[in-house]
Amino acid sequence: MGLASAFAIVSLPAAAHAAPSGTAVIAEVYGGGGNSGATLVRDFVELGNAGSAAYDLSGYSVQYLPGSPSASSQWQVTALSGALAPGGRFLVAEGAGTGGTTALPNPDATGSIAMSATSGTIALVSGTAALTCKTAADCAADSRIVDLVGYGSAVVREGSGPAAGASNTASVARSSGLTDTDDNAVDFGAQTPSPVNSAGETPGSGDGDGDGDGGDPSTPGTVRVRDIQGTTRLSPLDGRTVTRVPGVVTGVRTSGSKGYWIQDPEADADPRTSEGVFVYTGSADPAVAVGDSVLVSGKVSEYYPSSTSQSVTEITAPTVSVLSGGNPLPAPVTLDPASVPAAYAPNADGGSIDALALEPAVYAQDFYESAEGMRVTFADARVVGATTAYDELWVTVKPNESPSARGGTLYSSYDQPNTGRLKVMSLDTAAAFPVANVGDVLSGTTTGPLDYSTYGGYNVQATQLGTRVDKKLKREVTRRAKGGELAVATYNVENLDALDEQGKFDRLAEGVAVSLSSPDIVALEEIQDDNGAVNDGTVTSEATLKRFTDAIRAAGGPRYQWRYIAPANNQDGGEPGGNIRQVFLFNPKRVSFTDRPGGDATTATGVVKTRKGARLTASPGRIDPANSAWGSSRKPLVGEFVFHGETVFVIANHFASKGGDQPLHGRYQPPARSSETQRQAQAVAVNTFVKSLLAADKKAKAVVLGDLNDFEFSPTVAALTAGKVLKPLISTLPAAQRYTYVYDGNAQTLDHILTSPAVTRFDYDVVHINAEFADQASDHDPQIVRIDVDGCR
């Protein structure tokens, strides 16, 4: 009988760790596993239940933070499931090292966090989202934390100080049973590590991780890689020790997540079972070479790179015997239009696809999973995502799949994510990685093990990399507006602030002055305050805008003036301390700005009907800033301009990001797009404001533009255009040209310009200067509309 069904489970509310727990607590913490002098081969966290009822751990996690966290430090998360029996224990296995001789008993949950032996913080958390607190006070205020233990010299701890005595050979454990006083220094003491799982097993009891077969060390054991991989995404041997698994080393990774891939050269006939697997060596450099015939023993583990990703099947805490070197490698699996299915992933009604039987002939994600860890190969692939700073690029192994006008792959509906896309990295760290733009070709053969990452999903770790063929992609320059045309542009300048290097200002300025041909009005997104991410209360952007407009002038553009509304400190989202906002630049020699005082961070501008048409009560102003739709997000900036005697209302937007959405390639299918809810509410607010303009003057000329962080086919854009009050100009372009951004090899539209019905004569253009190029001034492409104002009368 499983643990969850052996007794009644009572779900208890989470309490802040500032209140001592009488139920679930952290009982023991050990970070020295696998280190020099250690007996145990991996780290662990042991939980205990001091209560009289079972404690449901579904949706909970244990999380780790370094003892002295830096600004870039993040909490690492291991998700939990199951329950803590009353008076019972629950064992969470964490990172493995190369030292030690004794395995843990069968863990109740498994992660891969490499904890420090001497200093760190462990938290038991109600939820699986990573914590953000980095001080004891901030963590004490987080109600998700059920219990917390800081040890060594940890900054984040409970009470008078951290628990003392942790080392490679000592854990910190509660000194008085499961008593919790919320003082780590009092509650915990050093002891010999003594992990206990929910079954009461200790190291050496039960079958645990022991070998138990006593076979010849040069003879393969009974388990093959295919047995480890199984016919679903999860190994049927997860958590079990396997002995002397045979294979040939096909790739070695010596940076980041170190380890190597082995593949059984004698494949079975089942297309669902992969013959390759990754052997994780932790911080230790792999002691093998490509072509070695090896026998590997270790613990089978399913590693989840993130809470929403699929898992990577691994052998951890390995020991290896090299039988011979220089062996031929198994033939690779060919990736091409004939082998990769057109359907993307099975539908689990939003649930996990982990346990579903693989159908590699039906779904692309199943096909890739059936080859996880195996050698794969493709030839002459089109580059659909430019080389990044991390030496990676995206290709499509389907040459004719959804081509964009300039060589990319279009993302034009939720149910067609483009199955041929793959990220490519190189295992040869000594060779220069090709610097490729979208539309280039990776000519010849690219071959290597197929891996999986939270960043982009399945990827090829190339041991043989094709050669870049330069297709001479050019940055676009749009035409200059004619005398009677009002040119209005939008450009996300990617967190620009006065502390940035001059080169960034110059590149962005060239985009405005040259590529956009000096528009009359430019709506900028992601202008930060004058000291960027320095969080000291500064909210002005005068120094930032002075540098930017000076750079535009130096690049041949006009002397722009600017208008904006400074946000309340840390209320508009974005980079903490950055206070990003939208800004209007305008050329006073071509267009005038109508200033009406009264607009500020919290005061809404309104619309007044006059004999001459609509006007704003405050210009510049914000749309309904008290609306909950704008919580921790940028509020729209509205301005009233006059061109050739005609009033034009411009509304600059930067809607909420897609942060928190489940990935296309993740284990939940179809993926949830939770961030859409806020953007739809924001779209409704802007739509309502435009309706008020048209109610005051049905011939009002309005331009709504900016980074909407959503697609032309999204519910967000549908809400924004409801009632046909706005026309999305991206829909006026040929389908192959509808994109402003490239993400994971998908060319997509996130930035938009929309116009009211009175804008009848216009010329619209997306100006491709960034998103398709390895060398980018911003990750977004700008766009422009030239309105024949006289012709719209």
# chains A, B, ... in the order shown; residues from 1 in each chain; ligands from 1
call {"tool": "select_by_dssp", "arguments": {"residues": "region 244-438 of chain A", "states": "strand (DSSP E or B)", "output": "CSV table (one decimal) with N, CA, C and O atoms, in the first residue's frame"}}
result
chain,number,residue,atom,x,y,z
A,244,ARG,N,26.7,-1.7,-13.7
A,244,ARG,CA,27.5,-2.1,-14.9
A,244,ARG,C,26.7,-2.1,-16.2
A,244,ARG,O,26.6,-3.0,-16.9
A,245,VAL,N,26.1,-0.9,-16.4
A,245,VAL,CA,25.3,-0.7,-17.6
A,245,VAL,C,26.2,-0.4,-18.8
A,245,VAL,O,27.1,0.5,-18.7
A,246,PRO,N,26.2,-1.2,-19.8
A,246,PRO,CA,27.1,-1.1,-20.9
A,246,PRO,C,26.8,0.0,-21.9
A,246,PRO,O,25.6,0.3,-22.1
A,247,GLY,N,27.8,0.6,-22.5
A,247,GLY,CA,27.5,1.6,-23.5
A,247,GLY,C,28.9,2.1,-24.1
A,247,GLY,O,29.9,1.9,-23.5
A,248,VAL,N,28.8,2.9,-25.2
A,248,VAL,CA,29.9,3.6,-25.8
A,248,VAL,C,29.7,5.1,-25.5
A,248,VAL,O,28.6,5.6,-25.7
A,249,VAL,N,30.7,5.7,-25.1
A,249,VAL,CA,30.7,7.2,-24.8
A,249,VAL,C,30.6,7.9,-26.1
A,249,VAL,O,31.4,7.8,-27.0
A,250,THR,N,29.5,8.7,-26.3
A,250,THR,CA,29.3,9.5,-27.5
A,250,THR,C,29.5,11.0,-27.4
A,250,THR,O,29.5,11.7,-28.4
A,251,GLY,N,29.6,11.5,-26.2
A,251,GLY,CA,29.8,12.9,-26.0
A,251,GLY,C,30.2,13.2,-24.6
A,251,GLY,O,29.8,12.5,-23.7
A,252,VAL,N,31.1,14.2,-24.4
A,252,VAL,CA,31.6,14.5,-23.0
A,252,VAL,C,31.4,16.0,-22.8
A,252,VAL,O,31.8,16.8,-23.7
A,253,ARG,N,30.7,16.4,-21.7
A,253,ARG,CA,30.5,17.8,-21.4
A,253,ARG,C,31.4,18.1,-20.2
A,253,ARG,O,31.2,17.6,-19.1
A,258,LYS,N,28.3,18.9,-15.7
A,258,LYS,CA,29.3,18.0,-16.3
A,258,LYS,C,28.8,16.6,-16.3
A,258,LYS,O,28.0,16.1,-15.5
A,259,GLY,N,29.3,15.9,-17.3
A,259,GLY,CA,29.0,14.5,-17.5
A,259,GLY,C,29.3,14.0,-18.9
A,259,GLY,O,30.0,14.6,-19.7
A,260,TYR,N,28.7,12.8,-19.2
A,260,TYR,CA,28.9,12.3,-20.6
A,260,TYR,C,27.7,11.4,-20.9
A,260,TYR,O,26.9,11.0,-20.1
A,261,TRP,N,27.6,11.2,-22.2
A,261,TRP,CA,26.5,10.4,-22.7
A,261,TRP,C,27.0,9.0,-23.1
A,261,TRP,O,28.1,8.9,-23.7
A,262,ILE,N,26.3,8.0,-22.8
A,262,ILE,CA,26.6,6.6,-23.3
A,262,ILE,C,25.4,6.1,-24.1
A,262,ILE,O,24.3,6.5,-23.9
A,263,GLN,N,25.7,5.3,-25.1
A,263,GLN,CA,24.7,4.7,-25.9
A,263,GLN,C,25.0,3.2,-26.2
A,263,GLN,O,26.2,2.9,-26.4
A,276,GLY,N,20.2,5.8,-25.4
A,276,GLY,CA,21.2,6.7,-24.9
A,276,GLY,C,20.8,7.3,-23.5
A,276,GLY,O,19.6,7.5,-23.3
A,277,VAL,N,21.8,7.7,-22.7
A,277,VAL,CA,21.5,8.3,-21.4
A,277,VAL,C,22.6,9.1,-21.0
A,277,VAL,O,23.8,8.9,-21.3
A,278,PHE,N,22.3,10.2,-20.2
A,278,PHE,CA,23.4,11.1,-19.7
A,278,PHE,C,23.8,10.6,-18.3
A,278,PHE,O,23.0,10.2,-17.5
A,279,VAL,N,25.2,10.6,-18.2
A,279,VAL,CA,25.8,10.2,-16.9
A,279,VAL,C,26.3,11.5,-16.2
A,279,VAL,O,27.2,12.1,-16.8
A,280,TYR,N,25.7,11.8,-15.1
A,280,TYR,CA,26.0,13.1,-14.5
A,280,TYR,C,27.1,12.9,-13.5
A,280,TYR,O,27.0,12.2,-12.5
A,281,THR,N,28.2,13.7,-13.6
A,281,THR,CA,29.3,13.6,-12.7
A,281,THR,C,29.4,14.8,-11.8
A,281,THR,O,30.4,14.9,-11.0
A,282,GLY,N,28.5,15.7,-11.7
A,282,GLY,CA,28.5,16.8,-10.8
A,282,GLY,C,29.6,17.8,-11.1
A,282,GLY,O,29.7,18.2,-12.3
A,293,SER,N,34.4,2.3,-24.5
A,293,SER,CA,33.4,1.3,-24.2
A,293,SER,C,33.5,1.2,-22.7
A,293,SER,O,34.5,0.9,-22.1
A,294,VAL,N,32.3,1.4,-22.0
A,294,VAL,CA,32.3,1.5,-20.6
A,294,VAL,C,31.2,0.7,-19.9
A,294,VAL,O,30.2,0.3,-20.6
A,295,LEU,N,31.4,0.4,-18.6
A,295,LEU,CA,30.3,-0.1,-17.8
A,295,LEU,C,30.1,0.9,-16.7
A,295,LEU,O,31.0,1.3,-16.0
A,296,VAL,N,28.8,1.4,-16.5
A,296,VAL,CA,28.5,2.5,-15.6
A,296,VAL,C,27.5,1.9,-14.5
A,296,VAL,O,26.5,1.3,-14.9
A,297,SER,N,27.9,2.2,-13.3
A,297,SER,CA,27.0,1.9,-12.2
A,297,SER,C,26.6,3.2,-11.5
A,297,SER,O,27.4,4.2,-11.5
A,298,GLY,N,25.4,3.3,-11.0
A,298,GLY,CA,25.0,4.5,-10.3
A,298,GLY,C,23.5,4.5,-10.0
A,298,GLY,O,22.8,3.5,-10.2
A,299,LYS,N,23.0,5.7,-9.6
A,299,LYS,CA,21.6,5.9,-9.3
A,299,LYS,C,20.8,6.5,-10.5
A,299,LYS,O,21.3,7.5,-11.0
A,300,VAL,N,19.7,5.9,-10.9
A,300,VAL,CA,18.9,6.5,-11.9
A,300,VAL,C,18.1,7.6,-11.3
A,300,VAL,O,17.5,7.5,-10.2
A,301,SER,N,18.1,8.7,-12.0
A,301,SER,CA,17.4,9.9,-11.5
A,301,SER,C,16.7,10.6,-12.7
A,301,SER,O,17.2,10.7,-13.8
A,302,GLU,N,15.5,11.2,-12.4
A,302,GLU,CA,14.8,12.1,-13.3
A,302,GLU,C,15.1,13.5,-12.9
A,302,GLU,O,14.6,13.9,-11.8
A,303,TYR,N,15.9,14.2,-13.6
A,303,TYR,CA,16.2,15.6,-13.3
A,303,TYR,C,15.3,16.6,-14.1
A,303,TYR,O,15.2,16.6,-15.3
A,312,VAL,N,15.1,15.1,-17.6
A,312,VAL,CA,16.2,14.4,-18.2
A,312,VAL,C,16.5,13.2,-17.4
A,312,VAL,O,16.8,13.3,-16.2
A,313,THR,N,16.5,12.0,-18.0
A,313,THR,CA,16.8,10.8,-17.4
A,313,THR,C,18.3,10.7,-17.3
A,313,THR,O,19.1,10.8,-18.3
A,314,GLU,N,18.8,10.5,-16.0
A,314,GLU,CA,20.3,10.5,-15.8
A,314,GLU,C,20.7,9.3,-14.9
A,314,GLU,O,19.9,8.7,-14.2
A,315,ILE,N,22.0,8.9,-15.0
A,315,ILE,CA,22.6,8.1,-14.0
A,315,ILE,C,23.5,9.0,-13.2
A,315,ILE,O,24.4,9.7,-13.7
A,316,THR,N,23.3,9.1,-11.9
A,316,THR,CA,24.0,10.0,-11.0
A,316,THR,C,24.9,9.2,-10.1
A,316,THR,O,24.8,8.0,-10.0
A,317,ALA,N,25.8,10.0,-9.4
A,317,ALA,CA,26.8,9.4,-8.5
A,317,ALA,C,27.4,8.1,-9.1
A,317,ALA,O,27.5,7.0,-8.6
A,318,PRO,N,28.0,8.3,-10.4
A,318,PRO,CA,28.4,7.1,-11.1
A,318,PRO,C,29.8,6.6,-10.7
A,318,PRO,O,30.6,7.4,-10.2
A,319,THR,N,30.0,5.3,-10.9
A,319,THR,CA,31.3,4.7,-11.0
A,319,THR,C,31.4,4.1,-12.4
A,319,THR,O,30.4,3.6,-12.9
A,320,VAL,N,32.6,4.1,-13.0
A,320,VAL,CA,32.7,3.7,-14.4
A,320,VAL,C,34.0,2.8,-14.5
A,320,VAL,O,35.0,3.1,-13.9
A,321,SER,N,33.8,1.8,-15.3
A,321,SER,CA,34.9,1.0,-15.8
A,321,SER,C,35.1,1.2,-17.3
A,321,SER,O,34.1,1.0,-18.0
A,322,VAL,N,36.3,1.6,-17.7
A,322,VAL,CA,36.6,1.7,-19.1
A,322,VAL,C,37.2,0.4,-19.6
A,322,VAL,O,38.2,0.0,-19.2
A,323,LEU,N,36.5,-0.2,-20.5
A,323,LEU,CA,36.9,-1.5,-21.1
A,323,LEU,C,37.9,-1.4,-22.2
A,323,LEU,O,38.8,-2.2,-22.4
A,324,SER,N,37.6,-0.4,-23.1
A,324,SER,CA,38.5,-0.2,-24.2
A,324,SER,C,38.2,1.2,-24.8
A,324,SER,O,37.2,1.9,-24.5
A,333,VAL,N,20.6,8.9,-35.2
A,333,VAL,CA,19.2,9.0,-35.7
A,333,VAL,C,19.1,10.2,-36.6
A,333,VAL,O,19.6,11.3,-36.2
A,334,THR,N,18.6,10.1,-37.8
A,334,THR,CA,18.5,11.2,-38.7
A,334,THR,C,17.2,12.1,-38.4
A,334,THR,O,16.1,11.5,-38.2
A,343,ALA,N,2.7,16.8,-35.9
A,343,ALA,CA,2.0,17.1,-34.6
A,343,ALA,C,3.1,17.4,-33.5
A,343,ALA,O,4.1,16.7,-33.5
A,352,SER,N,0.2,16.7,-16.9
A,352,SER,CA,1.5,16.3,-17.2
A,352,SER,C,1.5,15.1,-18.2
A,352,SER,O,0.6,14.3,-18.2
A,363,TYR,N,4.0,12.3,-32.5
A,363,TYR,CA,4.2,13.6,-31.9
A,363,TYR,C,5.7,13.9,-32.0
A,363,TYR,O,6.6,13.0,-31.6
A,375,ARG,N,22.8,9.7,-30.2
A,375,ARG,CA,23.3,10.5,-31.2
A,375,ARG,C,22.3,10.8,-32.3
A,375,ARG,O,21.5,9.9,-32.7
A,376,VAL,N,22.2,12.0,-32.7
A,376,VAL,CA,21.3,12.4,-33.8
A,376,VAL,C,22.1,13.2,-34.8
A,376,VAL,O,23.2,13.7,-34.5
A,377,THR,N,21.5,13.4,-36.0
A,377,THR,CA,22.3,14.1,-37.0
A,377,THR,C,21.3,14.8,-38.0
A,377,THR,O,20.1,14.3,-38.1
A,378,PHE,N,21.7,15.9,-38.5
A,378,PHE,CA,20.9,16.6,-39.6
A,378,PHE,C,21.9,17.2,-40.5
A,378,PHE,O,23.1,17.4,-40.2
A,379,ALA,N,21.4,17.6,-41.7
A,379,ALA,CA,22.3,18.2,-42.7
A,379,ALA,C,21.7,19.4,-43.3
A,379,ALA,O,20.5,19.5,-43.4
A,380,ASP,N,22.5,20.4,-43.6
A,380,ASP,CA,22.1,21.6,-44.4
A,380,ASP,C,20.9,22.3,-43.8
A,380,ASP,O,19.9,22.4,-44.5
A,381,ALA,N,20.9,22.7,-42.5
A,381,ALA,CA,19.8,23.2,-41.9
A,381,ALA,C,19.7,24.7,-41.9
A,381,ALA,O,20.8,25.4,-41.7
A,382,ARG,N,18.6,25.3,-42.1
A,382,ARG,CA,18.4,26.7,-42.1
A,382,ARG,C,18.4,27.2,-40.6
A,382,ARG,O,17.8,26.7,-39.7
A,383,VAL,N,19.1,28.3,-40.4
A,383,VAL,CA,19.2,29.0,-39.1
A,383,VAL,C,18.0,29.8,-38.9
A,383,VAL,O,17.7,30.7,-39.7
A,384,VAL,N,17.2,29.5,-37.8
A,384,VAL,CA,16.0,30.3,-37.6
A,384,VAL,C,16.0,31.1,-36.3
A,384,VAL,O,15.1,31.8,-35.9
A,385,GLY,N,17.2,31.0,-35.6
A,385,GLY,CA,17.4,31.8,-34.4
A,385,GLY,C,18.9,32.1,-34.3
A,385,GLY,O,19.7,31.2,-34.3
A,393,LEU,N,22.5,28.5,-31.2
A,393,LEU,CA,21.7,29.0,-32.2
A,393,LEU,C,20.6,28.0,-32.5
A,393,LEU,O,20.6,26.9,-31.9
A,394,TRP,N,19.6,28.4,-33.3
A,394,TRP,CA,18.4,27.6,-33.6
A,394,TRP,C,18.4,27.3,-35.1
A,394,TRP,O,18.7,28.1,-35.9
A,395,VAL,N,18.1,26.0,-35.4
A,395,VAL,CA,17.9,25.6,-36.8
A,395,VAL,C,16.5,24.9,-36.9
A,395,VAL,O,15.9,24.6,-35.9
A,396,THR,N,16.1,24.8,-38.1
A,396,THR,CA,15.0,23.9,-38.4
A,396,THR,C,15.5,22.7,-39.3
A,396,THR,O,16.2,23.0,-40.2
A,403,PRO,N,8.1,29.2,-43.5
A,403,PRO,CA,9.2,30.1,-43.7
A,403,PRO,C,8.7,31.6,-43.6
A,403,PRO,O,7.6,31.9,-44.1
A,409,THR,N,11.4,31.1,-39.2
A,409,THR,CA,10.2,30.2,-39.1
A,409,THR,C,9.1,30.9,-38.3
A,409,THR,O,9.3,31.3,-37.2
A,410,LEU,N,8.0,31.1,-39.0
A,410,LEU,CA,6.9,31.9,-38.4
A,410,LEU,C,6.1,31.1,-37.4
A,410,LEU,O,5.8,29.9,-37.6
A,421,ARG,N,12.1,22.8,-35.1
A,421,ARG,CA,13.1,23.7,-34.5
A,421,ARG,C,13.9,22.9,-33.4
A,421,ARG,O,13.4,22.1,-32.6
A,422,LEU,N,15.2,23.2,-33.4
A,422,LEU,CA,16.1,22.6,-32.4
A,422,LEU,C,17.2,23.6,-32.1
A,422,LEU,O,17.7,24.3,-33.0
A,423,LYS,N,17.5,23.6,-30.8
A,423,LYS,CA,18.7,24.4,-30.5
A,423,LYS,C,20.0,23.6,-30.6
A,423,LYS,O,20.0,22.4,-30.4
A,424,VAL,N,21.0,24.3,-31.1
A,424,VAL,CA,22.3,23.7,-31.3
A,424,VAL,C,23.4,24.3,-30.5
A,424,VAL,O,23.5,25.5,-30.4
A,425,MET,N,24.1,23.5,-29.7
A,425,MET,CA,25.3,23.9,-29.0
A,425,MET,C,26.5,23.0,-29.3
A,425,MET,O,26.3,21.9,-29.9
A,426,SER,N,27.7,23.4,-28.9
A,426,SER,CA,28.8,22.6,-29.3
A,426,SER,C,29.5,22.0,-28.1
A,426,SER,O,29.7,22.8,-27.1
call {"tool": "residues_around", "arguments": {"residues": "Gly457 (chain A)", "least_positions_apart": "5", "cutoff": "10 Å", "atoms": "only C-alpha atoms", "output": "list in words"}}
result
Pro305, Ser309, Gln310, Ser311, Gln365, Tyr368, Arg421, Leu422, Lys423, Asp451, Tyr452, Pro663, Leu664, His665, Gly666 and Asp744 of chain A
call {"tool": "select_by_dssp", "arguments": {"residues": "region 537-630 of chain A", "states": "helix (DSSP H, G or I)", "output": "list in words"}}
result
Glu542, Ala543, Thr544, Leu545, Lys546, Arg547, Phe548, Thr549, Asp550, Ala551, Ile552, Arg553, Ala554, Ser628, Ala629 and Trp630 of chain A
call {"tool": "write_last_selection", "arguments": {"atoms": "all heavy atoms", "output": "compact mmCIF listing (two decimals), in the first residue's frame"}}
result
# COMPACT_ATOMS: atom_id res chain seq x y z
N GLU A 542 15.79 61.92 -17.07
CA GLU A 542 16.31 63.05 -17.83
C GLU A 542 17.71 62.78 -18.39
O GLU A 542 18.00 63.07 -19.56
CB GLU A 542 16.33 64.31 -16.95
CG GLU A 542 14.96 64.76 -16.48
CD GLU A 542 14.03 65.05 -17.64
OE1 GLU A 542 14.36 65.95 -18.44
OE2 GLU A 542 12.98 64.39 -17.74
N ALA A 543 18.60 62.24 -17.56
CA ALA A 543 19.96 61.97 -18.03
C ALA A 543 19.96 60.89 -19.12
O ALA A 543 20.70 60.98 -20.11
CB ALA A 543 20.85 61.55 -16.86
N THR A 544 19.12 59.86 -18.95
CA THR A 544 19.02 58.81 -19.95
C THR A 544 18.55 59.39 -21.29
O THR A 544 19.13 59.11 -22.35
CB THR A 544 18.04 57.72 -19.48
OG1 THR A 544 18.48 57.20 -18.24
CG2 THR A 544 17.92 56.60 -20.50
N LEU A 545 17.52 60.20 -21.25
CA LEU A 545 16.95 60.75 -22.48
C LEU A 545 17.86 61.79 -23.11
O LEU A 545 17.90 61.93 -24.34
CB LEU A 545 15.57 61.32 -22.20
CG LEU A 545 14.54 60.24 -21.83
CD1 LEU A 545 13.28 60.87 -21.28
CD2 LEU A 545 14.22 59.37 -23.04
N LYS A 546 18.60 62.53 -22.29
CA LYS A 546 19.55 63.49 -22.84
C LYS A 546 20.63 62.75 -23.64
O LYS A 546 20.97 63.12 -24.78
CB LYS A 546 20.18 64.28 -21.70
CG LYS A 546 21.28 65.27 -22.13
CD LYS A 546 20.72 66.40 -22.98
CE LYS A 546 21.69 67.57 -23.12
NZ LYS A 546 22.98 67.22 -23.68
N ARG A 547 21.17 61.67 -23.07
CA ARG A 547 22.20 60.91 -23.78
C ARG A 547 21.63 60.29 -25.06
O ARG A 547 22.29 60.28 -26.10
CB ARG A 547 22.77 59.81 -22.89
CG ARG A 547 23.75 60.28 -21.84
CD ARG A 547 24.44 59.11 -21.18
NE ARG A 547 25.32 58.40 -22.12
CZ ARG A 547 25.91 57.24 -21.84
NH1 ARG A 547 25.71 56.66 -20.66
NH2 ARG A 547 26.69 56.65 -22.72
N PHE A 548 20.41 59.80 -24.98
CA PHE A 548 19.84 59.13 -26.14
C PHE A 548 19.54 60.13 -27.26
O PHE A 548 19.89 59.90 -28.43
CB PHE A 548 18.57 58.38 -25.74
CG PHE A 548 18.04 57.44 -26.80
CD1 PHE A 548 18.90 56.82 -27.69
CD2 PHE A 548 16.69 57.16 -26.90
CE1 PHE A 548 18.43 55.94 -28.65
CE2 PHE A 548 16.20 56.29 -27.85
CZ PHE A 548 17.07 55.69 -28.74
N THR A 549 18.92 61.24 -26.93
CA THR A 549 18.60 62.20 -27.98
C THR A 549 19.86 62.86 -28.54
O THR A 549 19.91 63.19 -29.74
CB THR A 549 17.63 63.28 -27.47
OG1 THR A 549 18.16 63.88 -26.28
CG2 THR A 549 16.27 62.66 -27.14
N ASP A 550 20.89 63.03 -27.72
CA ASP A 550 22.17 63.52 -28.23
C ASP A 550 22.76 62.52 -29.24
O ASP A 550 23.31 62.91 -30.28
CB ASP A 550 23.17 63.73 -27.10
CG ASP A 550 22.89 64.99 -26.29
OD1 ASP A 550 22.05 65.80 -26.72
OD2 ASP A 550 23.51 65.14 -25.22
N ALA A 551 22.65 61.23 -28.92
CA ALA A 551 23.18 60.20 -29.82
C ALA A 551 22.40 60.16 -31.13
O ALA A 551 22.99 59.96 -32.21
CB ALA A 551 23.14 58.84 -29.13
N ILE A 552 21.08 60.37 -31.06
CA ILE A 552 20.27 60.41 -32.28
C ILE A 552 20.69 61.59 -33.14
O ILE A 552 20.83 61.48 -34.37
CB ILE A 552 18.78 60.48 -31.93
CG1 ILE A 552 18.32 59.19 -31.26
CG2 ILE A 552 17.95 60.76 -33.19
CD1 ILE A 552 16.90 59.24 -30.72
N ARG A 553 20.92 62.74 -32.49
CA ARG A 553 21.35 63.92 -33.25
C ARG A 553 22.70 63.66 -33.92
O ARG A 553 22.91 64.01 -35.08
CB ARG A 553 21.47 65.12 -32.30
CG ARG A 553 21.77 66.43 -33.00
CD ARG A 553 20.55 66.95 -33.75
NE ARG A 553 20.85 68.20 -34.44
CZ ARG A 553 20.87 68.34 -35.76
NH1 ARG A 553 20.62 67.30 -36.54
NH2 ARG A 553 21.12 69.50 -36.32
N ALA A 554 23.61 63.01 -33.18
CA ALA A 554 24.93 62.71 -33.74
C ALA A 554 24.85 61.73 -34.90
O ALA A 554 25.72 61.73 -35.78
CB ALA A 554 25.84 62.16 -32.64
N SER A 628 -6.49 47.57 -11.29
CA SER A 628 -5.65 46.44 -10.85
C SER A 628 -4.97 45.75 -12.02
O SER A 628 -3.99 45.02 -11.82
CB SER A 628 -6.50 45.42 -10.08
OG SER A 628 -7.54 44.91 -10.91
N ALA A 629 -5.46 45.99 -13.24
CA ALA A 629 -4.81 45.39 -14.42
C ALA A 629 -3.37 45.84 -14.55
O ALA A 629 -2.55 45.15 -15.16
CB ALA A 629 -5.58 45.76 -15.69
N TRP A 630 -3.04 47.01 -13.99
CA TRP A 630 -1.70 47.56 -14.14
C TRP A 630 -0.82 47.26 -12.94
O TRP A 630 0.27 47.81 -12.81
CB TRP A 630 -1.75 49.07 -14.38
CG TRP A 630 -2.68 49.45 -15.48
CD1 TRP A 630 -3.84 50.15 -15.38
CD2 TRP A 630 -2.53 49.14 -16.87
NE1 TRP A 630 -4.44 50.29 -16.60
CE2 TRP A 630 -3.65 49.69 -17.55
CE3 TRP A 630 -1.57 48.46 -17.61
CZ2 TRP A 630 -3.84 49.57 -18.92
CZ3 TRP A 630 -1.75 48.35 -18.98
CH2 TRP A 630 -2.86 48.89 -19.62
call {"tool": "residues_around", "arguments": {"residues": "Gln783 (chain A)", "least_positions_apart": "2", "cutoff": "9 Å", "atoms": "only C-alpha atoms", "output": "PyMOL selection string"}}
result
chain A and resi 488-491+516+740+751-753+764-768+781+785
call {"tool": "atom_distance", "arguments": {"atom1": "CA of His780 (chain A)", "atom2": "CA of Ala436 (chain A)"}}
result
17.6 Å
call {"tool": "closest_residue", "arguments": {"among": "A:Thr121, A:Asn627, A:Gln669, A:Asn653", "to": "Asp349 (chain A)", "atoms": "only C-alpha atoms"}}
result
A:Gln669
call {"tool": "closest_residue", "arguments": {"among": "A:Ser194, A:Ser68, A:Thr760, A:Ser518", "to": "Ala154 (chain A)", "atoms": "only C-alpha atoms"}}
result
A:Ser68
call {"tool": "atom_distance", "arguments": {"atom1": "CA of Ser370 (chain A)", "atom2": "CA of Asp415 (chain A)"}}
result
21.9 Å
call {"tool": "atom_distance", "arguments": {"atom1": "CA of Glu494 (chain A)", "atom2": "CA of Ala386 (chain A)"}}
result
17.6 Å
call {"tool": "closest_atom_pairs", "arguments": {"of": "region 45-71 of chain A", "to": "region 93-102 of chain A", "cutoff": "12 Å", "atoms": "only C-alpha atoms", "output": "JSON lines"}}
result
{"residue": "A:Val45", "atom": "CA", "partner": "A:Ala93", "partner_atom": "CA", "distance": 6.6}
{"residue": "A:Glu46", "atom": "CA", "partner": "A:Ala93", "partner_atom": "CA", "distance": 8.5}
{"residue": "A:Leu47", "atom": "CA", "partner": "A:Ala93", "partner_atom": "CA", "distance": 11.3}
{"residue": "A:Val62", "atom": "CA", "partner": "A:Glu94", "partner_atom": "CA", "distance": 10.1}
{"residue": "A:Gln63", "atom": "CA", "partner": "A:Glu94", "partner_atom": "CA", "distance": 10.6}
{"residue": "A:Tyr64", "atom": "CA", "partner": "A:Glu94", "partner_atom": "CA", "distance": 10.3}
call {"tool": "residues_around", "arguments": {"residues": "Thr721 (chain A)", "least_positions_apart": "4", "cutoff": "10 Å", "atoms": "only C-alpha atoms", "output": "list in words"}}
result
Ala683, Val684, Val686, Asn687, Val690, Pro715, Thr716, Val717, Val725, Leu726, Lys727, Pro728, Leu754, Thr755 and Ser756 of chain A
